[in-house]
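K.L.:
Okay, handing you the structure first.
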Amino acid sequence: MNPLHCERIEPIVPVRDVSKSTAWYRDVLGFDILWEMEGAAGLALGNGQLMLIEGQGNVGTWVWIGVADATTAHA
């Protein structure tokens with residue numbers, strides 16, 4: 001057994017405004033909101049999770065979200 005067993009990897013995405021960003025991930029991309037607090041939020045889409053953090057790090061982090069059909073997902 002691998003001693004470095006990993007249950008999940010959760011990217012932390014720096015954003016300028018957690019409320020606006022959370023709404024965008026929810027309303028446009030279909031993420032579920034797992035939790036919210038001042039300056040941070042946890043979201044999930046299928047088996048993937050990410051955390052939005054306001055005011056830390058460099059805004060502009062890239063996140064890849066894999067889908068079976070990008071055209072259908074975009075529509």
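Letters A, B, ... go to the chains of the structure tokens in the order shown; residues in each chain start at 1; ligands are counted from 1 in the same order.
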Find the residues around A:Leu29 up to 10 Å (only C-alpha atoms counted), leave out those fewer than 2 positions away in its own chain, and share them as a ChimeraX atom specification.
P.N.:
/A:23-27,31-32,45,65,73-74
K.L.:
Can you tell me which residues surround A:Leu43 at a distance of at most 10 Å, considering only C-alpha atoms, apart from same-chain residues fewer than 2 positions away, and format the answer as an NGL selection string?
P.N.:
:A and (10 or 22 or 25-26 or 30-36 or 41 or 45 or 48-52)
K.L.:
Looking at A:Ala44, A:Ile53, A:Ala75, A:Ala70, which one is nearest to A:Ser19, with distances taken over only C-alpha atoms?
P.N.:
A:Ile53
K.L.:
Looking only at the backbone, which of the residues in stretch 11-70 of chain A does DSSP tag as strand (DSSP E), as a PyMOL selection string?
P.N.:
chain A and resi 12-15+32-37+40-45+48-54
K.L.:
Between A:Ile9, A:Arg16, A:Glu54, A:Val67, single out the one closest to A:Met37, counting only C-alpha atoms.
P.N.:
A:Glu54
K.L.:
Run DSSP on the backbone and grab whatever in stretch 8-72 of chain A lands in helix (DSSP H, G or I); send it over as a PyMOL selection string.
P.N.:
chain A and resi 18-27+70-72
K.L.:
Restricting it to C-alpha atoms, dump the selection as a compact mmCIF listing (two decimals), in the first residue's frame.
P.N.:
```
# COMPACT_ATOMS: atom_id res chain seq x y z
CA VAL A 18 -15.90 35.16 -3.04
CA SER A 19 -19.63 35.94 -3.30
CA LYS A 20 -19.49 36.80 -7.00
CA SER A 21 -17.14 33.92 -7.77
CA THR A 22 -19.26 31.40 -5.87
CA ALA A 23 -22.35 32.55 -7.78
CA TRP A 24 -20.50 32.14 -11.10
CA TYR A 25 -19.25 28.62 -10.31
CA ARG A 26 -22.78 27.67 -9.14
CA ASP A 27 -24.91 29.39 -11.80
CA ALA A 70 -17.36 20.24 -24.09
CA THR A 71 -19.94 21.49 -26.62
CA THR A 72 -22.86 20.08 -24.64
```
